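One file, entry-v1.cif, carrying mmCIF, C-alpha atoms:
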data_coords
loop_
_atom_site.label_atom_id
_atom_site.label_comp_id
_atom_site.auth_asym_id
_atom_site.auth_seq_id
_atom_site.Cartn_x
_atom_site.Cartn_y
_atom_site.Cartn_z
CA MET A 1 0.00 0.00 0.00
CA PRO A 2 1.25 3.58 -0.62
CA VAL A 3 2.71 5.31 2.44
CA THR A 4 1.94 9.03 2.29
CA LYS A 5 3.69 11.74 4.22
CA HIS A 6 0.58 12.44 6.33
CA LEU A 7 0.23 8.76 7.17
CA LEU A 8 3.87 8.63 8.30
CA ILE A 9 3.34 11.66 10.54
CA ARG A 10 0.28 10.02 12.10
CA LEU A 11 2.00 6.66 12.69
CA ILE A 12 5.05 8.31 14.26
CA THR A 13 2.79 10.47 16.46
CA ILE A 14 0.72 7.48 17.61
CA ASP A 15 3.92 5.57 18.38
CA ARG A 16 5.32 8.47 20.40
CA CYS A 17 2.09 8.77 22.39
CA LEU A 18 1.81 5.07 23.16
CA GLN A 19 5.43 4.98 24.36
CA ASN A 20 4.41 7.46 27.06
CA ARG A 21 2.97 4.98 29.56
CA VAL A 22 2.60 7.64 32.27
CA ARG A 23 -0.49 8.97 30.50
CA LYS A 24 -3.57 7.07 29.42
CA TRP A 25 -4.54 7.69 25.78
CA THR A 26 -8.10 7.64 24.51
CA LEU A 27 -8.87 7.66 20.79
CA ASP A 28 -9.82 11.35 21.04
CA ASP A 29 -6.46 12.09 22.68
CA LEU A 30 -4.64 10.41 19.78
CA VAL A 31 -6.76 12.33 17.24
CA LYS A 32 -5.84 15.61 18.96
CA ALA A 33 -2.12 14.73 19.05
CA CYS A 34 -2.11 13.82 15.34
CA ASN A 35 -3.94 17.04 14.41
CA GLU A 36 -1.32 19.06 16.29
CA ALA A 37 1.53 17.16 14.59
CA LEU A 38 0.05 17.73 11.12
CA ARG A 39 -0.42 21.44 11.83
CA HIS A 40 3.16 21.72 13.08
CA HIS A 41 4.82 19.81 10.21
CA GLU A 42 2.46 20.52 7.29
CA GLY A 43 0.47 23.60 8.28
CA THR A 44 -2.81 21.73 7.74
CA THR A 45 -5.91 23.19 9.37
CA GLY A 46 -8.33 20.28 8.89
CA THR A 47 -9.46 17.90 11.60
CA LEU A 48 -8.97 14.15 11.44
CA CYS A 49 -11.96 11.92 12.09
CA ARG A 50 -11.94 9.08 14.60
CA ARG A 51 -12.39 6.55 11.80
CA THR A 52 -9.03 7.60 10.26
CA LEU A 53 -7.18 6.96 13.55
CA GLN A 54 -8.97 3.65 14.00
CA TYR A 55 -7.76 2.62 10.55
CA ASP A 56 -4.21 3.76 11.40
CA ILE A 57 -4.20 1.68 14.58
CA GLN A 58 -5.54 -1.32 12.67
CA LEU A 59 -2.77 -0.81 10.10
CA MET A 60 -0.10 -0.70 12.83
CA ARG A 61 -1.48 -3.92 14.32
CA SER A 62 -1.37 -5.68 10.95
CA ASN A 63 1.54 -6.98 8.90
CA LYS A 64 0.81 -4.72 5.89
CA LEU A 65 3.75 -2.50 6.82
CA GLY A 66 5.52 -5.23 8.79
CA LEU A 67 4.79 -3.51 12.13
CA ASN A 68 2.55 -6.02 13.96
CA ALA A 69 2.32 -3.50 16.79
CA PRO A 70 0.94 -4.99 20.05
CA ILE A 71 -1.64 -2.23 20.59
CA VAL A 72 -4.22 -3.14 23.21
CA VAL A 73 -7.25 -1.40 24.74
CA THR A 74 -7.63 -1.26 28.51
CA GLU A 75 -10.78 -0.35 30.40
CA LYS A 76 -12.52 -0.38 26.99
CA LYS A 77 -11.18 3.07 26.08
CA TYR A 78 -7.44 3.51 26.74
CA TYR A 79 -4.88 2.57 24.06
CA CYS A 80 -1.37 1.40 24.93
CA TYR A 81 1.36 -1.02 23.87
CA GLY A 82 0.95 -4.49 25.33
CA ARG A 83 4.73 -4.83 25.71
CA PRO A 84 6.81 -2.38 27.76
CA ASN A 85 9.40 -0.34 25.83
CA TYR A 86 7.87 -1.33 22.49
CA SER A 87 8.23 1.09 19.57
CA ILE A 88 7.93 0.81 15.82
CA TYR A 89 11.58 1.95 15.82
CA ARG A 90 12.59 -1.13 17.82
CA LEU A 91 11.50 -3.71 15.31
CA PRO A 92 13.64 -6.82 14.87
CA PHE A 93 15.56 -6.68 11.60
CA SER A 94 16.97 -9.55 9.62
CA LYS A 95 20.59 -9.28 8.46
CA GLU A 96 19.35 -8.69 4.90
CA ASN A 97 17.13 -5.81 6.07
CA LEU A 98 19.94 -4.32 8.12
CA ASP A 99 22.28 -4.43 5.10
CA LEU A 100 19.62 -2.80 2.92
CA LEU A 101 18.99 -0.10 5.51
CA THR A 102 22.72 0.57 5.82
CA GLU A 103 23.09 1.05 2.07
CA THR A 104 20.03 3.31 2.02
CA LEU A 105 21.49 5.51 4.72
CA LYS A 106 24.76 5.76 2.80
CA LEU A 107 22.95 6.92 -0.34
CA LEU A 108 20.81 9.41 1.58
CA ASN A 109 23.94 10.80 3.19
CA LYS A 110 25.63 11.27 -0.21
CA SER A 111 22.68 12.33 -2.35
CA ALA A 112 20.69 15.51 -2.44
CA ILE A 113 17.38 14.77 -0.71
CA PHE A 114 14.20 16.26 -2.11
CA PRO A 115 12.59 18.51 0.56
CA GLN A 116 9.49 16.34 0.88
CA LEU A 117 11.67 13.34 1.79
CA ASN A 118 13.01 14.95 4.96
CA LEU A 119 10.53 13.12 7.16
CA ILE A 120 11.44 9.73 5.69
CA SER A 121 15.14 10.60 5.99
CA ASP A 122 14.66 11.49 9.66
CA MET A 123 12.81 8.24 10.24
CA LEU A 124 15.65 6.25 8.68
CA GLN A 125 18.19 8.11 10.79
CA GLN A 126 16.29 7.09 13.91
CA LEU A 127 16.50 3.50 12.71
CA ALA A 128 20.23 3.90 12.14
CA GLY A 129 20.88 2.50 15.60
CA TYR A 130 20.19 -0.94 14.16
CA THR A 131 22.95 -0.60 11.58
CA SER A 132 26.71 -0.36 11.68
CA TYR A 133 26.71 2.77 9.54
CA THR A 134 28.55 5.81 10.88
CA PRO A 135 29.18 8.48 8.19
CA GLU A 136 32.38 9.80 9.77
CA LYS A 137 33.98 6.33 9.83
CA GLU A 138 32.77 4.87 6.54
CA THR A 139 34.69 5.11 3.28
CA PRO A 140 31.96 5.38 0.65
CA VAL A 141 32.01 3.10 -2.37
CA ILE A 142 29.02 4.66 -4.17
CA TYR A 143 29.40 8.19 -5.55
CA PRO A 144 26.19 9.62 -7.06
CA ASP A 145 26.43 12.77 -9.15
CA ASN A 146 26.42 15.86 -6.95
CA TYR A 147 24.89 19.13 -8.03
CA ILE A 148 27.36 21.85 -8.90
CA ARG A 149 24.67 24.40 -8.08
CA MET A 150 21.70 23.23 -6.07
CA PRO A 151 18.38 25.00 -6.62
CA ASP A 152 16.78 26.78 -3.69
CA PRO A 153 15.16 23.96 -1.65
CA GLN A 154 12.35 26.30 -0.55
CA LEU A 155 11.61 27.15 -4.19
CA ILE A 156 11.37 23.46 -5.13
CA LYS A 157 9.25 22.76 -2.05
CA THR A 158 6.85 25.61 -2.88
CA LEU A 159 6.48 24.48 -6.51
CA TYR A 160 5.93 20.91 -5.37
CA GLN A 161 3.26 21.95 -2.89
CA HIS A 162 1.45 24.08 -5.51
CA ILE A 163 1.36 21.06 -7.83
CA ILE A 164 -0.08 18.88 -5.05
CA ASP A 165 -2.57 21.56 -3.94
CA LYS A 166 -3.41 22.56 -7.55
CA LYS A 167 -2.74 26.27 -7.06
CA SER A 168 -1.37 28.77 -9.55
CA VAL A 169 1.86 30.62 -8.78
CA CYS A 170 3.62 33.68 -10.19
CA ILE A 171 7.31 33.32 -11.03
CA ARG A 172 9.87 36.05 -11.67
CA TYR A 173 11.83 34.57 -14.56
CA VAL A 174 14.86 35.51 -16.68
CA SER A 175 15.48 33.24 -19.68
CA PHE A 176 18.94 32.11 -20.81
CA ARG A 177 18.59 34.09 -24.05
CA SER A 178 17.39 37.37 -22.55
CA SER A 179 18.22 39.57 -19.58
CA VAL A 180 14.65 40.87 -19.37
CA MET A 181 12.75 39.97 -16.20
CA HIS A 182 9.30 38.49 -16.74
CA HIS A 183 6.48 37.88 -14.27
CA ILE A 184 4.64 34.75 -15.39
CA VAL A 185 1.56 33.23 -13.78
CA ILE A 186 1.62 29.47 -14.22
CA SER A 187 -0.35 26.42 -13.16
CA PRO A 188 2.48 23.95 -12.39
CA TYR A 189 1.98 20.32 -13.42
CA LEU A 190 5.27 18.50 -12.83
CA LEU A 191 8.92 18.83 -11.81
CA LYS A 192 11.60 17.28 -14.03
CA GLU A 193 15.31 16.78 -13.38
CA TYR A 194 17.75 16.66 -16.30
CA GLY A 195 21.50 17.19 -16.38
CA ASN A 196 21.70 18.20 -12.69
CA HIS A 197 19.06 20.90 -13.19
CA TRP A 198 15.41 21.04 -12.13
CA PHE A 199 12.65 22.23 -14.46
CA VAL A 200 8.97 22.94 -13.89
CA THR A 201 6.40 22.28 -16.61
CA GLY A 202 3.02 23.96 -16.47
CA TYR A 203 0.40 26.14 -18.10
CA ASP A 204 1.33 29.73 -18.98
CA HIS A 205 -1.80 31.78 -18.20
CA ARG A 206 -0.90 34.70 -20.46
CA ASN A 207 0.22 32.77 -23.53
CA LYS A 208 -2.33 30.00 -22.89
CA THR A 209 0.08 27.19 -23.63
CA VAL A 210 2.16 24.54 -21.87
CA GLN A 211 5.82 25.46 -21.31
CA THR A 212 8.86 24.36 -19.30
CA TRP A 213 10.98 26.70 -17.18
CA SER A 214 14.39 26.17 -15.57
CA THR A 215 14.17 26.61 -11.80
CA ASN A 216 17.70 28.08 -11.84
CA ARG A 217 16.29 31.06 -13.74
CA ILE A 218 13.45 31.67 -11.26
CA SER A 219 14.51 34.40 -8.83
CA THR A 220 11.27 34.82 -6.86
CA LEU A 221 7.95 33.05 -6.29
CA PHE A 222 4.69 34.82 -5.47
CA PRO A 223 2.34 32.11 -4.15
CA ASP A 224 -0.92 34.09 -4.07
CA THR A 225 -1.89 35.02 -7.63
CA GLY A 226 -5.64 35.27 -7.28
CA GLN A 227 -5.99 33.37 -10.55
CA PRO A 228 -7.72 29.97 -10.67
CA TYR A 229 -5.64 26.86 -11.32
CA VAL A 230 -5.93 25.47 -14.86
CA GLU A 231 -6.28 21.70 -14.68
CA ASN A 232 -3.94 19.60 -16.82
CA THR A 233 -6.08 18.25 -19.65
CA PHE A 234 -3.26 18.64 -22.18
CA PHE A 235 -0.87 15.71 -21.66
CA ASP A 236 -0.07 12.63 -19.59
CA PRO A 237 2.65 13.68 -17.08
CA LYS A 238 4.04 10.12 -16.96
CA HIS A 239 4.87 10.12 -20.68
CA TYR A 240 5.22 13.79 -21.67
CA PHE A 241 9.03 13.60 -21.90
CA ASP A 242 9.22 10.06 -23.28
CA ALA A 243 9.65 11.33 -26.84
CA VAL A 244 12.51 13.76 -26.16
CA ILE A 245 16.09 13.85 -24.98
CA GLY A 246 16.11 16.42 -22.19
CA VAL A 247 13.16 18.73 -21.50
CA SER A 248 12.75 20.96 -24.57
CA ARG A 249 9.53 20.29 -26.45
CA THR A 250 6.28 21.94 -27.46
CA LEU A 251 2.91 20.48 -26.58
CA TYR A 252 1.89 19.20 -30.01
CA GLN A 253 5.37 18.47 -31.37
CA LYS A 254 5.51 15.25 -33.39
CA LYS A 255 8.18 12.56 -33.15
CA GLN A 256 10.45 11.95 -36.13
CA ALA A 257 12.73 9.15 -37.24
CA VAL A 258 16.36 10.20 -36.73
CA ILE A 259 19.00 8.06 -38.49
CA ILE A 260 22.64 8.35 -37.37
CA GLN A 261 25.75 6.56 -38.59
CA ILE A 262 28.28 5.77 -35.84
CA ASP A 263 31.85 4.69 -36.56
CA ARG A 264 33.29 1.51 -35.07
CA GLU A 265 35.38 3.40 -32.51
CA THR A 266 32.33 4.88 -30.78
CA ALA A 267 29.72 2.24 -31.62
CA PRO A 268 30.37 0.11 -28.48
CA TYR A 269 29.69 3.12 -26.25
CA ILE A 270 26.43 3.96 -28.02
CA LEU A 271 25.31 0.35 -27.81
CA CYS A 272 26.20 0.26 -24.10
CA LYS A 273 24.60 3.61 -23.31
CA PRO A 274 21.82 4.40 -25.83
CA LEU A 275 21.10 8.01 -26.70
CA HIS A 276 17.38 7.39 -26.10
CA GLN A 277 15.10 4.57 -25.05
CA SER A 278 13.76 4.33 -28.62
CA GLN A 279 17.23 3.59 -30.06
CA LYS A 280 17.42 0.65 -32.47
CA THR A 281 20.29 -0.72 -34.54
CA LEU A 282 19.39 -0.74 -38.23
CA GLN A 283 22.70 -1.87 -39.71
CA GLU A 284 26.05 -3.17 -38.49
CA HIS A 285 29.14 -3.56 -40.67
CA LYS A 286 32.71 -4.15 -39.46
CA GLY A 287 31.89 -2.63 -36.08
CA ALA A 288 30.26 0.52 -37.45
CA ILE A 289 26.52 0.86 -36.93
CA VAL A 290 23.53 2.81 -38.15
CA ILE A 291 20.99 3.57 -35.45
CA SER A 292 17.51 5.06 -35.40
CA LEU A 293 15.81 7.21 -32.78
CA HIS A 294 12.13 8.08 -32.70
CA VAL A 295 12.17 11.47 -30.99
CA CYS A 296 11.14 15.11 -31.23
CA LEU A 297 13.87 17.38 -32.58
CA ASN A 298 15.24 19.73 -29.94
CA LEU A 299 18.37 21.46 -28.67
CA GLU A 300 19.36 18.63 -26.32
CA LEU A 301 19.30 16.11 -29.20
CA GLU A 302 21.63 18.34 -31.22
CA ARG A 303 24.01 18.63 -28.27
CA GLU A 304 24.16 14.87 -27.78
CA ILE A 305 25.03 14.41 -31.47
CA LEU A 306 27.61 17.21 -31.35
CA LYS A 307 29.30 15.48 -28.39
CA LEU A 308 30.09 12.58 -30.70
CA GLY A 309 32.08 14.90 -32.97
CA GLN A 310 33.60 13.29 -36.05
CA HIS A 311 32.44 9.83 -34.91
CA ALA A 312 28.82 10.36 -35.97
CA LYS A 313 26.98 11.50 -39.09
CA VAL A 314 23.29 12.33 -39.28
CA LEU A 315 21.65 10.70 -42.31
CA HIS A 316 18.05 11.76 -41.67
CA PRO A 317 16.13 14.04 -41.41
CA ARG A 318 17.58 16.65 -43.74
CA LEU A 319 16.80 19.56 -41.40
CA LEU A 320 18.75 18.03 -38.50
CA LYS A 321 21.60 17.02 -40.80
CA SER A 322 21.98 20.59 -42.09
CA ARG A 323 21.85 22.07 -38.57
CA ILE A 324 24.59 19.72 -37.29
CA ALA A 325 26.73 20.45 -40.37
CA ARG A 326 26.30 24.21 -39.80
CA HIS A 327 27.38 23.88 -36.17
CA PHE A 328 30.58 22.09 -37.21
CA ARG A 329 31.32 24.65 -39.96
CA GLU A 330 30.92 27.51 -37.48
CA ALA A 331 33.15 25.73 -34.95
CA ALA A 332 35.83 25.13 -37.57
CA GLN A 333 35.64 28.77 -38.64
CA ARG A 334 36.02 29.90 -35.03
CA TYR A 335 39.22 27.82 -34.66
CA ARG A 336 40.61 29.18 -37.93
CA THR A 337 39.88 32.72 -36.81
CA SER A 338 41.43 32.15 -33.38
CA GLU A 339 44.73 31.06 -34.97
CA THR A 340 45.17 34.51 -36.45
CA ASP A 341 44.06 36.28 -33.26
CA ASP A 342 46.31 34.31 -30.91
CA SER A 343 49.41 36.22 -32.03
CA GLY A 344 48.04 39.45 -30.53
CA THR A 345 46.66 40.55 -27.18
CA ASN A 346 44.72 37.34 -26.60
CA SER A 347 47.95 35.33 -26.74
CA GLN A 348 49.57 37.64 -24.15
CA ASN A 349 46.58 37.19 -21.82
CA LEU A 350 46.94 33.40 -22.09
CA HIS A 351 50.62 33.61 -21.11
CA ASN A 352 49.60 35.47 -17.94
CA PHE A 353 47.06 32.77 -17.01
CA ASN A 354 48.09 30.06 -14.57
CA PHE A 355 46.76 26.86 -16.17
CA ASN A 356 47.92 24.74 -13.23
CA LYS A 357 45.70 26.60 -10.75
CA PRO A 358 42.56 24.53 -9.99
#

What would you get if you wrote out this structure as structure tokens?
Amino acid sequence: MPVTKHLLIRLITIDRCLQNRVRKWTLDDLVKACNEALRHHEGTTGTLCRRTLQYDIQLMRSNKLGLNAPIVVTEKKYYCYGRPNYSIYRLPFSKENLDLLTETLKLLNKSAIFPQLNLISDMLQQLAGYTSYTPEKETPVIYPDNYIRMPDPQLIKTLYQHIIDKKSVCIRYVSFRSSVMHHIVISPYLLKEYGNHWFVTGYDHRNKTVQTWSTNRISTLFPDTGQPYVENTFFDPKHYFDAVIGVSRTLYQKKQAVIIQIDRETAPYILCKPLHQSQKTLQEHKGAIVISLHVCLNLELEREILKLGQHAKVLHPRLLKSRIARHFREAAQRYRTSETDDSGTNSQNLHNFNFNKP
């Protein structure tokens, strides 16, 4: 069953209450404690019903989450643990579960944690007493990519919450191609990570279309826009980016067949790490291959092809082939021009530069 953040808060709160054996806890007392915890952690103003807490207690008693909590009722109204010192944090773990938990803690310690995962991270840290993991003593063997520049966690959290709550938000945005500041009211639909950057896709209220914005270019968020949220009836969020490399696409953009010839030196790498999930090998001769992709044409696709340099040649479509050829001609021209410029002031500036300095 799915474990939501609110459910985790309730289970942890119930566990904390039942560990306090000095006080007797009625169902209404537990409801009040959970309401206070949700207001403190989530800012929620609603009131839980007794039926919800009864279901939570039944869930803790069951094996659905592996808890099997010994919750008993005394005097027909007071809830408590039937075993002294019991807690859901003191569950017996098998060696396999302990190993898995240890590896999870290592990854959480190394990786950037999404703001909404803080509660789960805290819960795992409380369980860390069952593992042998101590960050200051361990030499890590797994090294996930780290962000060079992390986005503002509060910005990501606010966007995430507006998506969940289905509320519009105004962003102060400066595009990569312009220094002009824009105020854009959007209805956010999803967050997407690509190339160590986060992007938000949503509905642009002024232009009445779906767009994607880089969160690194958002300087300020204004949560209260006064404009109604526009529901996403335009695309399936689970598959919107399936047809592209990266995040650049328009709503009604069609996929195309892209045919690329790869030389035998680079072919093994492309076969090992495909450019896209749609990649297929059409031909293979003496180690060289011809592959096909079924994707929308965009800037990220061009960059992936340009990374291959002289090892790849676009065969189809003609528009993409001409664009890649133009990029290489312009690059070659820039190098030819730089050879004549390097004898002047630019060359002197390079001599004054310390290339060994990190």

What does the distance from CA of Ser278 (chain A) to CA of Asp242 (chain A) come to in Å, to one decimal?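 So the answer is 9.1 Å.
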
Just so the selection is clear, what residues does the PyMOL selection byres ((chain A and resi 85) around 12) cover here, as an MDAnalysis selection string? chainID A and resid 15:16 18:21 69:70 80:84 86:91

6 Å contact set for region 215-232 of chain A, all atoms listed in the file, chain neighbours under 2 positions out, as a list in words: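 Near neighbours after the sequence-gap exclusion: Lys167, Ser168, Val169, Cys170, Ile171, Arg172, Tyr173, Val174, Ser187, Trp198, Phe199 and Phe234 of chain A.
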
So that I have them on file, write out the residues from the current selection with C-alpha atoms, as an mmCIF file, keeping the file's coordinate frame.
data_model
loop_
_atom_site.group_PDB
_atom_site.id
_atom_site.type_symbol
_atom_site.label_atom_id
_atom_site.label_comp_id
_atom_site.auth_asym_id
_atom_site.auth_seq_id
_atom_site.Cartn_x
_atom_site.Cartn_y
_atom_site.Cartn_z
ATOM 1 C CA LYS A 167 -2.740 26.270 -7.060
ATOM 2 C CA SER A 168 -1.370 28.770 -9.550
ATOM 3 C CA VAL A 169 1.860 30.620 -8.780
ATOM 4 C CA CYS A 170 3.620 33.680 -10.190
ATOM 5 C CA ILE A 171 7.310 33.320 -11.030
ATOM 6 C CA ARG A 172 9.870 36.050 -11.670
ATOM 7 C CA TYR A 173 11.830 34.570 -14.560
ATOM 8 C CA VAL A 174 14.860 35.510 -16.680
ATOM 9 C CA SER A 187 -0.350 26.420 -13.160
ATOM 10 C CA TRP A 198 15.410 21.040 -12.130
ATOM 11 C CA PHE A 199 12.650 22.230 -14.460
ATOM 12 C CA PHE A 234 -3.260 18.640 -22.180
#

Can you tell me how far CA of Glu300 (chain A) sits from CA of Ser248 (chain A), in Å to one decimal?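 Result for CA of Glu300 (chain A) versus CA of Ser248 (chain A): 7.2 Å, one decimal.
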
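Excluding Ala267 (chain A) itself and any same-chain residue fewer than 2 positions from it, the protein and nucleic acid residues within 10 Å of it, counting only C-alpha atoms, are A:Gln261, A:Ile262, A:Asp263, A:Arg264, A:Glu265, A:Tyr269, A:Ile270, A:Leu271, A:Cys272, A:Lys273, A:Glu284, A:Gly287, A:Ala288, A:Ile289, A:Val290, A:Ile291, A:His311, A:Ala312.
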
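Proximity to Ser292 (chain A) was assessed for A:Gln256, A:Thr201, A:Gln310, A:Thr212 counting all atoms listed in the file; the smallest distance is recorded for A:Gln256.
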
What does the distance from CA of Thr209 (chain A) to CA of Phe235 (chain A) come to in Å, to one decimal? 11.7 Å

A:Ala331, A:Ala325, A:Leu191, A:Arg10 ranked by distance to Lys313 (chain A), top pick (using all atoms listed in the file):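 Once distances to Lys313 (chain A) are computed over all atoms listed in the file, the minimum belongs to A:Ala325.
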
Write out as an MDAnalysis selection string which residues come within 12 Å of Asn207 (chain A) when counting only C-alpha atoms, dropping same-chain ones fewer than 6 positions away. chainID A and resid 184:186

Quick one: 8 Å padding each side, axis-aligned, all listed atoms of region 45-61 of chain A - centre and edge lengths in Å to one decimal, as lines of an AutoDock Vina configuration file?
center_x = -6.2
center_y = 9.6
center_z = 11.7
size_x = 28.3
size_y = 43.1
size_z = 21.7

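Remark: for Leu38 (chain A), the closest of the candidate residues A:Leu282, A:Ile245, A:Leu159, A:Leu8 is A:Leu8 (distances computed over all atoms listed in the file).
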
List the residues selected by the PyMOL selection byres ((chain A and resi 26-30) around 6) in the file shown, writing them as a list in words. Trp25, Val31, Lys32, Ala33, Lys77 and Tyr78 of chain A

Find the residues near Tyr55 (chain A): any atom within 12 Å, counting all atoms listed in the file, skip ones fewer than 3 places away on the same chain, and give them as a PyMOL selection string. chain A and resi 7+10-11+27+31+48-52+58-62

Take the PyMOL selection byres ((chain A and resi 161) around 12), run it mentally on this structure, and tell me the resulting residues as a ChimeraX atom specification. /A:42-43,115-116,154-160,162-169,187-191,223
